[in-house]
file my_file-v5.csv (CSV, C-alpha atoms and all ligand atoms)
chain,number,residue,atom,x,y,z
A,1,MET,CA,0.0,0.0,0.0
A,2,GLY,CA,1.3,3.5,-0.8
A,3,THR,CA,0.2,7.0,0.0
A,4,ASP,CA,-3.2,8.0,-1.5
A,5,HIS,CA,-2.4,11.7,-1.6
A,6,GLY,CA,-1.5,11.7,-5.3
A,7,ASN,CA,-4.9,10.2,-6.2
A,8,LEU,CA,-6.6,12.9,-4.1
A,9,VAL,CA,-4.7,15.7,-5.8
A,10,GLU,CA,-5.7,14.3,-9.2
A,11,LYS,CA,-9.4,14.0,-8.1
A,12,MET,CA,-9.5,17.5,-6.9
A,13,GLY,CA,-8.2,18.8,-10.3
A,14,ILE,CA,-5.5,21.1,-8.9
A,15,PRO,CA,-4.3,23.2,-11.8
A,16,GLU,CA,-0.6,24.1,-12.5
A,17,SER,CA,0.3,26.3,-9.6
A,18,ARG,CA,2.7,26.6,-6.6
A,19,ALA,CA,0.2,24.4,-4.8
A,20,LEU,CA,0.5,21.6,-7.4
A,21,THR,CA,4.4,21.8,-7.4
A,22,PHE,CA,4.2,21.5,-3.7
A,23,LYS,CA,1.8,18.6,-3.8
A,24,ARG,CA,3.9,16.7,-6.4
A,25,ARG,CA,7.1,16.8,-4.5
A,26,MET,CA,6.2,17.0,-0.9
A,27,LEU,CA,6.4,14.2,1.7
A,28,LEU,CA,2.7,13.3,1.6
A,29,THR,CA,2.7,12.3,-2.1
A,30,GLN,CA,6.0,10.3,-1.9
A,31,ASN,CA,6.1,6.6,-1.7
A,32,ARG,CA,8.9,4.6,-0.2
A,33,GLY,CA,12.3,5.7,-1.5
A,34,GLU,CA,15.2,8.1,-1.1
A,35,VAL,CA,13.1,11.3,-1.4
A,36,ARG,CA,10.6,10.1,1.3
A,37,GLN,CA,13.4,9.0,3.6
A,38,ARG,CA,15.3,12.3,3.2
A,39,LEU,CA,12.2,14.5,3.8
A,40,ARG,CA,11.0,12.5,6.7
A,41,GLY,CA,14.5,12.4,8.2
A,42,ALA,CA,14.7,16.2,8.0
A,43,LEU,CA,11.7,16.6,10.3
A,44,THR,CA,12.1,13.6,12.6
A,45,GLY,CA,15.2,15.1,14.1
A,46,LEU,CA,13.3,18.2,15.1
A,47,ILE,CA,10.0,16.8,16.4
A,48,GLY,CA,10.8,13.2,17.5
A,49,PRO,CA,9.7,12.1,21.0
A,50,LYS,CA,12.8,13.6,22.8
A,51,GLN,CA,12.7,17.0,20.9
A,52,ALA,CA,8.9,17.2,21.4
A,53,GLY,CA,9.5,17.0,25.2
A,54,ASP,CA,11.9,19.9,24.9
A,55,LEU,CA,9.2,21.9,23.1
A,56,ARG,CA,6.7,21.4,26.0
A,57,GLU,CA,7.7,24.6,27.9
A,58,GLY,CA,7.1,26.8,24.8
A,59,ILE,CA,3.8,25.1,24.1
A,60,ALA,CA,2.6,25.6,27.8
A,61,GLY,CA,3.5,29.3,27.5
A,62,VAL,CA,1.4,29.8,24.4
A,63,VAL,CA,-1.6,28.0,26.1
A,64,SER,CA,-1.2,30.2,29.2
A,65,ASN,CA,-1.2,33.4,27.1
A,66,LEU,CA,-4.3,32.4,25.3
A,67,LEU,CA,-6.1,31.6,28.5
A,68,ASP,CA,-5.2,35.0,29.9
A,69,ALA,CA,-6.8,36.6,26.9
A,70,LEU,CA,-10.2,34.8,27.2
A,71,PRO,CA,-13.1,37.0,28.0
A,72,ASP,CA,-15.4,36.3,30.9
A,73,GLY,CA,-18.9,34.8,30.4
A,74,VAL,CA,-20.1,32.8,27.4
A,75,VAL,CA,-17.2,32.0,25.0
A,76,ASP,CA,-17.0,30.1,21.7
A,77,LEU,CA,-14.0,28.0,22.7
A,78,LYS,CA,-13.5,26.6,19.3
A,79,HIS,CA,-12.6,30.0,17.9
A,80,ALA,CA,-11.3,31.8,21.0
A,81,PHE,CA,-9.0,28.9,22.2
A,82,ALA,CA,-8.9,25.5,20.3
A,83,ASP,CA,-8.1,27.1,16.9
A,84,LEU,CA,-5.5,29.4,18.4
A,85,VAL,CA,-3.4,26.9,20.4
A,86,PRO,CA,-1.7,25.0,17.5
A,87,ALA,CA,-1.7,28.2,15.3
A,88,GLY,CA,-0.1,30.0,18.3
A,89,VAL,CA,2.5,27.3,18.7
A,90,TYR,CA,3.3,27.6,15.0
A,91,CYS,CA,3.8,31.4,15.4
A,92,HIS,CA,6.0,30.6,18.3
A,93,TRP,CA,8.0,28.2,16.2
A,94,VAL,CA,8.5,30.7,13.4
A,95,ASP,CA,9.0,33.6,15.7
A,96,ALA,CA,5.9,35.4,14.5
A,97,PRO,CA,3.6,37.5,16.8
A,98,LEU,CA,0.6,35.6,18.3
A,99,LEU,CA,-1.5,38.1,16.4
A,100,HIS,CA,-0.8,36.0,13.2
A,101,ALA,CA,-2.4,32.9,14.8
A,102,ARG,CA,-5.9,33.6,13.4
A,103,PHE,CA,-4.5,33.8,9.8
A,104,VAL,CA,-2.5,30.6,10.3
A,105,SER,CA,-5.6,28.8,11.6
A,106,GLU,CA,-7.9,29.9,8.8
A,107,MET,CA,-5.4,29.1,6.1
A,108,SER,CA,-4.8,25.6,7.6
A,109,GLU,CA,-8.5,24.9,7.7
A,110,THR,CA,-8.9,26.0,4.1
A,111,VAL,CA,-6.1,23.9,2.6
A,112,LEU,CA,-7.0,20.8,4.7
A,113,ALA,CA,-10.5,21.0,3.2
A,114,ILE,CA,-8.8,19.0,0.3
A,115,PHE,CA,-9.7,15.9,2.4
A,116,ARG,CA,-13.4,16.7,1.8
A,117,ARG,CA,-12.8,15.5,-1.8
A,118,ASP,CA,-15.1,18.2,-3.2
A,119,PRO,CA,-13.5,19.7,-6.4
A,120,SER,CA,-15.7,22.9,-6.0
A,121,LEU,CA,-13.3,23.8,-3.2
A,122,THR,CA,-10.2,23.7,-5.4
A,123,PRO,CA,-9.9,27.4,-6.4
A,124,ARG,CA,-10.1,28.4,-2.7
A,125,ILE,CA,-7.5,25.9,-1.7
A,126,VAL,CA,-5.1,27.0,-4.5
A,127,ALA,CA,-5.5,30.7,-3.5
A,128,ALA,CA,-4.9,29.8,0.2
A,129,TYR,CA,-1.6,28.0,-0.8
A,130,ASP,CA,-0.5,31.2,-2.6
A,131,GLU,CA,-1.0,33.2,0.5
A,132,LEU,CA,0.7,30.6,2.7
A,133,PHE,CA,3.8,30.5,0.4
A,134,ALA,CA,4.1,34.3,0.5
A,135,TYR,CA,3.8,34.1,4.3
A,136,ALA,CA,6.4,31.3,4.7
A,137,ALA,CA,8.9,33.2,2.4
A,138,ASP,CA,8.6,36.3,4.6
A,139,ARG,CA,9.1,34.3,7.8
A,140,ILE,CA,12.1,32.5,6.4
A,141,ALA,CA,13.7,35.8,5.2
A,142,ALA,CA,13.1,37.3,8.7
A,143,ARG,CA,14.7,34.4,10.5
A,144,LYS,CA,17.7,34.3,8.2
A,145,GLN,CA,18.4,37.9,9.3
A,146,ALA,CA,18.4,36.9,12.9
A,147,MET,CA,18.9,33.2,13.4
A,148,GLY,CA,18.0,31.9,16.9
A,149,ASP,CA,17.1,28.6,18.7
A,150,ASP,CA,13.6,28.6,17.4
A,151,PHE,CA,12.2,25.8,15.3
A,152,LEU,CA,12.3,27.6,12.0
A,153,SER,CA,16.0,28.6,12.5
A,154,GLN,CA,16.7,24.9,13.2
A,155,LEU,CA,14.9,23.9,10.0
A,156,ILE,CA,16.9,26.6,8.1
A,157,ARG,CA,20.1,25.0,9.4
A,158,VAL,CA,19.0,21.6,8.1
A,159,GLN,CA,18.6,23.3,4.7
A,160,GLN,CA,21.9,25.0,4.9
A,161,VAL,CA,23.8,21.7,5.5
A,162,GLY,CA,22.3,20.5,2.2
A,163,VAL,CA,19.6,18.1,3.4
A,164,LEU,CA,16.8,20.3,1.8
A,165,SER,CA,16.8,22.6,-1.2
A,166,GLU,CA,15.7,26.3,-0.7
A,167,SER,CA,12.2,25.6,-2.2
A,168,GLU,CA,11.8,22.4,-0.1
A,169,LEU,CA,12.5,24.6,3.0
A,170,GLU,CA,9.5,26.8,1.9
A,171,ASP,CA,7.5,23.6,1.3
A,172,PHE,CA,8.2,22.5,4.9
A,173,ALA,CA,7.3,25.8,6.4
A,174,VAL,CA,3.9,25.5,4.6
A,175,MET,CA,3.4,21.8,5.3
A,176,LEU,CA,3.9,22.5,9.0
A,177,ILE,CA,1.0,25.0,8.9
A,178,GLU,CA,-1.4,22.6,7.2
A,179,ALA,CA,-0.3,19.5,9.0
A,180,SER,CA,0.1,20.9,12.5
A,181,THR,CA,-2.8,23.3,13.1
A,182,ASP,CA,-6.2,22.1,11.8
A,183,ASN,CA,-6.0,18.5,13.1
A,184,THR,CA,-4.8,19.6,16.5
A,185,ALA,CA,-7.3,22.4,16.8
A,186,ALA,CA,-10.2,20.1,16.0
A,187,SER,CA,-8.9,17.5,18.5
A,188,ILE,CA,-8.7,20.0,21.3
A,189,ALA,CA,-12.3,21.2,20.6
A,190,ILE,CA,-13.7,17.6,20.4
A,191,ILE,CA,-11.9,16.6,23.6
A,192,ILE,CA,-13.1,19.6,25.6
A,193,ASP,CA,-16.7,18.8,24.5
A,194,ARG,CA,-16.4,15.1,25.3
A,195,LEU,CA,-14.4,15.3,28.6
A,196,THR,CA,-16.8,17.8,30.1
A,197,ALA,CA,-19.6,15.4,29.3
A,198,GLN,CA,-18.0,12.5,31.4
A,199,PRO,CA,-19.3,12.7,35.0
A,200,GLY,CA,-16.5,13.8,37.4
A,201,VAL,CA,-13.7,13.7,34.8
A,202,TRP,CA,-13.3,17.5,34.3
A,203,ALA,CA,-13.2,18.1,38.0
A,204,ALA,CA,-10.7,15.3,38.5
A,205,ILE,CA,-8.3,16.8,35.9
A,206,ALA,CA,-8.8,20.3,37.5
A,207,ASN,CA,-7.6,18.8,40.8
A,208,ASP,CA,-4.8,16.7,39.3
A,209,PRO,CA,-3.5,18.0,35.9
A,210,THR,CA,-1.4,14.8,35.3
A,211,LEU,CA,-4.8,13.1,34.7
A,212,ALA,CA,-4.9,15.1,31.4
A,213,ILE,CA,-2.5,12.5,30.0
A,214,PRO,CA,-4.7,9.4,30.2
A,215,ALA,CA,-7.9,11.5,29.7
A,216,VAL,CA,-6.5,12.8,26.3
A,217,ARG,CA,-5.4,9.3,25.3
A,218,GLU,CA,-8.8,7.8,26.1
A,219,ALA,CA,-10.7,10.6,24.4
A,220,MET,CA,-8.5,10.2,21.3
A,221,ARG,CA,-9.4,6.5,21.2
A,222,LEU,CA,-13.2,7.0,21.6
A,223,TRP,CA,-13.6,10.2,19.6
A,224,PRO,CA,-10.8,10.4,17.1
A,225,ARG,CA,-10.5,13.5,14.9
A,226,SER,CA,-9.6,11.5,11.9
A,227,ILE,CA,-11.9,8.5,11.6
A,228,SER,CA,-9.7,7.0,8.8
A,229,THR,CA,-6.6,7.3,6.7
A,230,SER,CA,-6.2,6.3,3.1
A,231,ARG,CA,-3.8,4.3,1.0
A,232,THR,CA,-3.5,3.4,-2.6
A,233,ALA,CA,-2.9,-0.3,-3.6
A,234,LEU,CA,0.4,-0.3,-5.5
A,235,GLU,CA,-0.3,-3.7,-7.0
A,236,ASP,CA,-3.3,-6.1,-7.3
A,237,THR,CA,-3.9,-7.5,-3.8
A,238,ALA,CA,-6.5,-8.8,-1.4
A,239,ILE,CA,-7.5,-8.3,2.2
A,240,GLU,CA,-9.1,-11.6,3.4
A,241,ASP,CA,-11.4,-12.4,0.5
A,242,VAL,CA,-11.9,-8.9,-0.8
A,243,ALA,CA,-9.9,-8.3,-4.1
A,244,ILE,CA,-8.3,-4.9,-4.3
A,245,PRO,CA,-7.2,-3.8,-7.8
A,246,LYS,CA,-3.9,-1.8,-8.3
A,247,GLY,CA,-4.7,1.9,-8.0
A,248,ALA,CA,-7.7,1.6,-5.8
A,249,SER,CA,-8.0,3.9,-2.8
A,250,ILE,CA,-8.5,2.1,0.6
A,251,PHE,CA,-9.8,3.8,3.7
A,252,ALA,CA,-8.7,2.1,6.9
A,253,SER,CA,-11.1,3.0,9.8
A,254,PHE,CA,-9.5,4.0,13.1
A,255,GLY,CA,-12.9,4.6,14.4
A,256,ALA,CA,-13.8,0.9,14.1
A,257,ALA,CA,-10.4,-0.3,15.2
A,258,HIS,CA,-10.6,1.7,18.4
A,259,ARG,CA,-13.8,-0.1,19.4
A,260,GLN,CA,-12.8,-3.6,18.6
A,261,PRO,CA,-13.7,-5.7,21.7
A,262,ASP,CA,-10.8,-8.2,21.1
A,263,ILE,CA,-8.3,-5.3,21.3
A,264,PHE,CA,-9.9,-3.0,23.8
A,265,GLU,CA,-11.9,-4.6,26.7
A,266,ASN,CA,-15.2,-2.8,27.2
A,267,PRO,CA,-14.4,-0.7,24.1
A,268,HIS,CA,-17.3,1.8,24.5
A,269,LYS,CA,-16.4,2.6,28.1
A,270,PHE,CA,-14.4,5.8,28.9
A,271,ASP,CA,-11.8,4.4,31.3
A,272,LEU,CA,-9.1,6.7,32.8
A,273,THR,CA,-7.2,3.6,34.1
A,274,ARG,CA,-7.0,1.9,30.7
A,275,ALA,CA,-3.5,0.7,29.9
A,276,GLU,CA,-1.4,2.7,27.5
A,277,ARG,CA,-1.0,-0.2,25.1
A,278,PRO,CA,-2.4,-1.1,22.6
A,279,PRO,CA,-2.2,2.5,21.5
A,280,HIS,CA,-5.0,4.4,19.6
A,281,MET,CA,-4.4,5.1,15.9
A,282,ASN,CA,-5.3,8.8,15.6
A,283,PHE,CA,-1.9,9.3,14.0
A,284,GLY,CA,-2.0,6.5,11.5
A,285,GLY,CA,0.9,4.1,11.4
A,286,GLY,CA,3.8,2.5,9.5
A,287,ALA,CA,5.8,4.3,6.9
A,288,PHE,CA,3.4,7.2,6.7
A,289,ALA,CA,2.6,7.7,10.4
A,290,CYS,CA,2.1,11.3,11.7
A,291,LEU,CA,5.5,12.9,12.4
A,292,GLY,CA,3.9,15.4,14.7
A,293,GLN,CA,2.2,12.9,17.0
A,294,PHE,CA,4.4,13.7,20.0
A,295,VAL,CA,4.1,17.4,19.7
A,296,ALA,CA,0.3,17.2,19.0
A,297,THR,CA,-0.3,15.1,22.1
A,298,ILE,CA,1.6,17.6,24.2
A,299,GLU,CA,-0.4,20.5,22.8
A,300,VAL,CA,-3.7,18.8,23.5
A,301,GLU,CA,-2.6,17.7,27.0
A,302,GLU,CA,-1.4,21.2,27.9
A,303,ALA,CA,-4.6,22.8,26.5
A,304,ILE,CA,-6.8,20.4,28.6
A,305,ALA,CA,-4.8,20.5,31.8
A,306,GLN,CA,-4.5,24.3,31.9
A,307,LEU,CA,-8.1,24.9,30.8
A,308,ALA,CA,-9.5,22.5,33.5
A,309,ALA,CA,-7.2,24.1,36.2
A,310,CYS,CA,-8.4,27.6,35.3
A,311,TYR,CA,-12.1,26.7,34.8
A,312,PRO,CA,-13.1,23.6,36.8
A,313,ASN,CA,-16.8,24.5,36.4
A,314,LEU,CA,-16.7,25.0,32.6
A,315,LYS,CA,-20.0,23.9,31.0
A,316,VAL,CA,-20.7,23.3,27.3
A,317,LEU,CA,-23.9,25.3,26.4
A,318,ASN,CA,-24.0,24.6,22.7
A,319,ALA,CA,-21.8,22.4,20.5
A,320,ASP,CA,-22.2,22.4,16.7
A,321,ARG,CA,-20.8,19.0,15.8
A,322,ASP,CA,-19.9,18.2,12.2
A,323,TYR,CA,-19.2,14.6,11.3
A,324,ILE,CA,-18.1,14.0,7.7
A,325,PRO,CA,-16.8,10.7,6.4
A,326,ILE,CA,-13.2,11.3,7.3
A,327,PHE,CA,-13.1,14.0,9.9
A,328,HIS,CA,-14.9,14.9,13.1
A,329,ARG,CA,-14.9,18.5,14.0
A,330,LEU,CA,-16.8,21.1,15.9
A,331,LYS,CA,-18.0,24.3,14.0
A,332,GLN,CA,-18.7,26.0,17.3
A,333,LEU,CA,-18.3,25.3,21.0
A,334,ASP,CA,-20.1,27.8,23.3
A,335,VAL,CA,-19.3,27.4,26.9
A,336,SER,CA,-19.7,29.2,30.2
A,337,LEU,CA,-16.3,29.4,31.9
A,338,LYS,CA,-17.2,30.0,35.6
B,1,LIG,C1,-4.1,15.8,17.0
B,1,LIG,C2,-3.4,16.3,15.9
B,1,LIG,C3,-3.0,15.5,14.7
B,1,LIG,C4,-3.7,14.4,14.1
B,1,LIG,C5,-5.0,13.8,14.5
B,1,LIG,C6,-2.8,14.0,13.0
B,1,LIG,C7,-3.1,12.9,12.2
B,1,LIG,C8,-2.4,12.5,11.1
B,1,LIG,C9,-2.7,11.4,10.3
B,1,LIG,C10,-3.9,10.5,10.4
B,1,LIG,C11,-1.7,11.3,9.4
B,1,LIG,C12,-1.6,10.2,8.3
B,1,LIG,C13,-1.0,9.0,8.9
B,1,LIG,C14,-1.1,7.7,8.0
B,1,LIG,O1,-1.7,7.8,7.0
B,1,LIG,O2,-0.6,6.7,8.5
B,1,LIG,C15,-0.7,12.4,9.6
B,1,LIG,C16,0.4,12.6,8.9
B,1,LIG,C17,1.3,13.7,9.1
B,1,LIG,N1,1.2,14.6,10.2
B,1,LIG,FE1,-0.2,14.6,11.6
B,1,LIG,N2,-1.7,14.8,12.9
B,1,LIG,C18,-1.8,15.7,14.0
B,1,LIG,C19,-0.9,16.7,14.3
B,1,LIG,C20,0.3,16.9,13.6
B,1,LIG,C21,1.3,17.9,14.0
B,1,LIG,C22,1.2,18.8,15.2
B,1,LIG,C23,2.3,17.8,13.0
B,1,LIG,C24,3.6,18.6,12.9
B,1,LIG,C25,4.1,19.3,13.9
B,1,LIG,C26,1.9,16.8,12.1
B,1,LIG,C27,2.7,16.4,11.0
B,1,LIG,C28,2.3,15.4,10.1
B,1,LIG,C29,3.1,15.0,9.0
B,1,LIG,C30,4.4,15.7,8.5
B,1,LIG,C31,2.5,13.9,8.3
B,1,LIG,C32,2.9,13.2,7.1
B,1,LIG,C33,3.7,12.0,7.4
B,1,LIG,C34,4.2,11.3,6.2
B,1,LIG,O3,3.5,11.3,5.1
B,1,LIG,O4,5.3,10.6,6.3
B,1,LIG,N3,0.7,16.3,12.5
B,1,LIG,N4,-1.2,13.1,10.7

call {"tool": "encode", "arguments": {"input": "my_file-v5.csv", "output": "structure tokens"}}
result
Amino acid sequence: MGTDHGNLVEKMGIPESRALTFKRRMLLTQNRGEVRQRLRGALTGLIGPKQAGDLREGIAGVVSNLLDALPDGVVDLKHAFADLVPAGVYCHWVDAPLLHARFVSEMSETVLAIFRRDPSLTPRIVAAYDELFAYAADRIAARKQAMGDDFLSQLIRVQQVGVLSESELEDFAVMLIEASTDNTAASIAIIIDRLTAQPGVWAAIANDPTLAIPAVREAMRLWPRSISTSRTALEDTAIEDVAIPKGASIFASFGAAHRQPDIFENPHKFDLTRAERPPHMNFGGGAFACLGQFVATIEVEEAIAQLAACYPNLKVLNADRDYIPIFHRLKQLDVSLK
């Protein structure tokens, strides 16, 4: 099985553009081989499990600044908080002001709409990529003037030693926006909605922030943001007695895997004491597994732990839940904070 992203780009009819060049040569459309290995390697060294741990302090700072800025009373936490956590972390990584987070978040949501597989969205997606490439070029130029210890400066160093070309560096700066923000934002909103609905769980996390770790893990299992990931058959094959012709797209369902009773005992039960293994599959697996899974998990844990500690009595008043075949998301999450 190979990546299905090339099939998706073709189905969406992306015209010749910076977006198409990006899609053709970027990590997501590469199958096994030297290019995939080199591109994955460039990022693994910056956001692997150890490096992600080092990024926790910066992430916690972004979350805390966003909480300080929340107004009192009824708040739409999807827009005022969940969307801005990963976008704010991205701004922190590229040394941009937190004020840019709304732009980053909206652009990420627009370009990731490609997974809706609706070609009428293509012109908007292509235009958003143009804006993102202009933004990334500005950030790279600014960092090159004043290199520091930030994430983007580290990526620039990877490019300067010859692992990436100049335009691959821009590709990475854009790929990080699309890959890191929308999925994480949606996960945070879903998990706030679901954890506050479990009797006693929100108050328990408010009292003991370390419980955010098993709570996030269990919420990701029961209510995954991505319900499936896709692959293309690289040759004629079969799964059990179902024949799969070469070139077919296959959607593997995490949603179903997470509720398999022979893998997870009492699979429908939310259980804070459930063992860490077997792991949930929110981040896919194998050669194409999510490179940002350690960072993403830390972002969600920090968001939940700090939000519960600040607002132990938080109540969801209105949640506009949108379930489409691949993604779960909330369009709105109105809460009372106190
Ligand atoms: C909760 C948030 C996130 C979710 C649910 C998520 C989910 C996924 C999934 C399902 C895949 C495809 C895996 C497969 O097909 O096996 C993926 C790929 C990827 N993700 Fe994430 N992701 C999240 C956050 C992030 C973050 C924060 C980053 C970067 C900092 C990131 C970077 C990537 C990259 C680079 C790939 C492509 C990997 C490849 O093709 O080799 N993701 N993600």

call {"tool": "residues_near_ligand", "arguments": {"input": "my_file-v5.csv", "ligand": "ligand LIG 1 (chain B)", "cutoff": "6 Å", "atoms": "only C-alpha atoms and all ligand atoms", "output": "count of residues only"}}
result
23

call {"tool": "atom_distance", "arguments": {"input": "my_file-v5.csv", "atom1": "atom CA of A:Phe327", "atom2": "atom CA of A:Ser228"}}
result
7.9 Å

call {"tool": "residues_near_point", "arguments": {"input": "my_file-v5.csv", "point": "(-11.1, 27.7, 36.3)", "cutoff": "12 Å", "atoms": "all atoms listed in the file", "output": "list in words"}}
result
Leu67, Asp68, Leu70, Asp72, Trp202, Ala203, Ile205, Ala206, Asn207, Ile304, Ala305, Gln306, Leu307, Ala308, Ala309, Cys310, Tyr311, Pro312, Asn313, Leu314, Lys315, Ser336, Leu337 and Lys338 of chain A

call {"tool": "residues_around", "arguments": {"input": "my_file-v5.csv", "residues": "A:Glu299", "least_positions_apart": "3", "cutoff": "9 Å", "atoms": "only C-alpha atoms", "output": "VMD selection string"}}
result
chain A and resid 56 59 to 60 63 85 to 86 89 184 188 294 to 296 302 to 304

call {"tool": "residues_around", "arguments": {"input": "my_file-v5.csv", "residues": "stretch 159-170 of chain A", "least_positions_apart": "6", "cutoff": "12 Å", "atoms": "all atoms listed in the file", "output": "PyMOL selection string"}}
result
chain A and resi 18-19+21-27+34-43+45+129-130+132-141+144+152-153+176-177

call {"tool": "closest_residue", "arguments": {"input": "my_file-v5.csv", "among": "A:Asn318, A:Ser249, A:Thr210, A:Thr110", "to": "A:Arg231", "atoms": "all atoms listed in the file"}}
result
A:Ser249

call {"tool": "residues_around", "arguments": {"input": "my_file-v5.csv", "residues": "A:Ala87", "least_positions_apart": "6", "cutoff": "10 Å", "atoms": "all atoms listed in the file", "output": "PyMOL selection string"}}
result
chain A and resi 62+93+98-108+177-178+180-182+184-185

call {"tool": "atom_distance", "arguments": {"input": "my_file-v5.csv", "atom1": "atom CA of A:Ala275", "atom2": "atom CA of A:Glu57"}}
result
26.5 Å

call {"tool": "atom_distance", "arguments": {"input": "my_file-v5.csv", "atom1": "atom CA of A:Ile14", "atom2": "atom CA of A:Pro245"}}
result
25.0 Å

call {"tool": "residues_around", "arguments": {"input": "my_file-v5.csv", "residues": "A:Phe151", "least_positions_apart": "5", "cutoff": "10 Å", "atoms": "only C-alpha atoms", "output": "PyMOL selection string"}}
result
chain A and resi 46-47+55+90+92-95+156-157

call {"tool": "closest_residue", "arguments": {"input": "my_file-v5.csv", "among": "A:Ala257, A:Leu195, A:Val158, A:Ala238", "to": "A:Val316", "atoms": "only C-alpha atoms"}}
result
A:Leu195

call {"tool": "residues_around", "arguments": {"input": "my_file-v5.csv", "residues": "A:Gly247", "least_positions_apart": "5", "cutoff": "12 Å", "atoms": "all atoms listed in the file", "output": "list in words"}}
result
Met1, Gly2, Thr3, Asp4, His5, Gly6, Asn7, Leu8, Arg231, Thr232, Ala233, Leu234, Glu235, Asp236 and Thr237 of chain A

call {"tool": "closest_residue", "arguments": {"input": "my_file-v5.csv", "among": "A:Arg277, A:Asp241, A:Met175, A:Arg329", "to": "A:Trp223", "atoms": "only C-alpha atoms"}}
result
A:Arg329

call {"tool": "closest_residue", "arguments": {"input": "my_file-v5.csv", "among": "A:Ala113, A:Ala219, A:Ala52, A:Leu272", "to": "A:Ile191", "atoms": "only C-alpha atoms"}}
result
A:Ala219

call {"tool": "closest_residue", "arguments": {"input": "my_file-v5.csv", "among": "A:Thr44, A:Ala189, A:Arg117, A:Leu211", "to": "A:Asp76", "atoms": "all atoms listed in the file"}}
result
A:Ala189

call {"tool": "closest_residue", "arguments": {"input": "my_file-v5.csv", "among": "A:Asp208, A:Glu16, A:Glu265, A:Glu218", "to": "A:Thr297", "atoms": "only C-alpha atoms"}}
result
A:Glu218

call {"tool": "decode", "arguments": {"input": "my_file-v5.csv", "residues": "stretch 125-140 of chain A", "atoms": "N, CA and C atoms", "output": "PDB file, in the first residue's frame"}}
result
ATOM      1  N   ILE A 125      -8.683  26.541  -2.282  1.00  0.00           N
ATOM      2  CA  ILE A 125      -7.502  25.857  -1.718  1.00  0.00           C
ATOM      3  C   ILE A 125      -6.227  26.382  -2.396  1.00  0.00           C
ATOM      4  N   VAL A 126      -6.262  26.503  -3.732  1.00  0.00           N
ATOM      5  CA  VAL A 126      -5.079  26.971  -4.471  1.00  0.00           C
ATOM      6  C   VAL A 126      -4.731  28.409  -4.050  1.00  0.00           C
ATOM      7  N   ALA A 127      -5.754  29.257  -3.909  1.00  0.00           N
ATOM      8  CA  ALA A 127      -5.509  30.661  -3.511  1.00  0.00           C
ATOM      9  C   ALA A 127      -4.913  30.710  -2.102  1.00  0.00           C
ATOM     10  N   ALA A 128      -5.386  29.834  -1.219  1.00  0.00           N
ATOM     11  CA  ALA A 128      -4.864  29.831   0.162  1.00  0.00           C
ATOM     12  C   ALA A 128      -3.388  29.404   0.163  1.00  0.00           C
ATOM     13  N   TYR A 129      -3.044  28.432  -0.690  1.00  0.00           N
ATOM     14  CA  TYR A 129      -1.634  28.038  -0.767  1.00  0.00           C
ATOM     15  C   TYR A 129      -0.768  29.220  -1.214  1.00  0.00           C
ATOM     16  N   ASP A 130      -1.257  30.007  -2.199  1.00  0.00           N
ATOM     17  CA  ASP A 130      -0.468  31.174  -2.640  1.00  0.00           C
ATOM     18  C   ASP A 130      -0.192  32.088  -1.449  1.00  0.00           C
ATOM     19  N   GLU A 131      -1.217  32.324  -0.638  1.00  0.00           N
ATOM     20  CA  GLU A 131      -1.018  33.200   0.536  1.00  0.00           C
ATOM     21  C   GLU A 131      -0.029  32.578   1.509  1.00  0.00           C
ATOM     22  N   LEU A 132      -0.136  31.268   1.699  1.00  0.00           N
ATOM     23  CA  LEU A 132       0.749  30.598   2.657  1.00  0.00           C
ATOM     24  C   LEU A 132       2.210  30.631   2.193  1.00  0.00           C
ATOM     25  N   PHE A 133       2.424  30.449   0.889  1.00  0.00           N
ATOM     26  CA  PHE A 133       3.815  30.480   0.410  1.00  0.00           C
ATOM     27  C   PHE A 133       4.409  31.876   0.563  1.00  0.00           C
ATOM     28  N   ALA A 134       3.601  32.918   0.322  1.00  0.00           N
ATOM     29  CA  ALA A 134       4.105  34.289   0.512  1.00  0.00           C
ATOM     30  C   ALA A 134       4.452  34.488   1.994  1.00  0.00           C
ATOM     31  N   TYR A 135       3.580  33.975   2.872  1.00  0.00           N
ATOM     32  CA  TYR A 135       3.810  34.128   4.315  1.00  0.00           C
ATOM     33  C   TYR A 135       5.092  33.385   4.737  1.00  0.00           C
ATOM     34  N   ALA A 136       5.226  32.149   4.261  1.00  0.00           N
ATOM     35  CA  ALA A 136       6.390  31.335   4.650  1.00  0.00           C
ATOM     36  C   ALA A 136       7.682  31.989   4.164  1.00  0.00           C
ATOM     37  N   ALA A 137       7.673  32.531   2.939  1.00  0.00           N
ATOM     38  CA  ALA A 137       8.893  33.173   2.410  1.00  0.00           C
ATOM     39  C   ALA A 137       9.279  34.362   3.294  1.00  0.00           C
ATOM     40  N   ASP A 138       8.277  35.126   3.741  1.00  0.00           N
ATOM     41  CA  ASP A 138       8.554  36.269   4.641  1.00  0.00           C
ATOM     42  C   ASP A 138       9.179  35.809   5.950  1.00  0.00           C
ATOM     43  N   ARG A 139       8.607  34.763   6.523  1.00  0.00           N
ATOM     44  CA  ARG A 139       9.109  34.279   7.824  1.00  0.00           C
ATOM     45  C   ARG A 139      10.544  33.757   7.674  1.00  0.00           C
ATOM     46  N   ILE A 140      10.795  33.026   6.597  1.00  0.00           N
ATOM     47  CA  ILE A 140      12.143  32.473   6.389  1.00  0.00           C
ATOM     48  C   ILE A 140      13.149  33.616   6.228  1.00  0.00           C
TER      49      ILE A 140
END
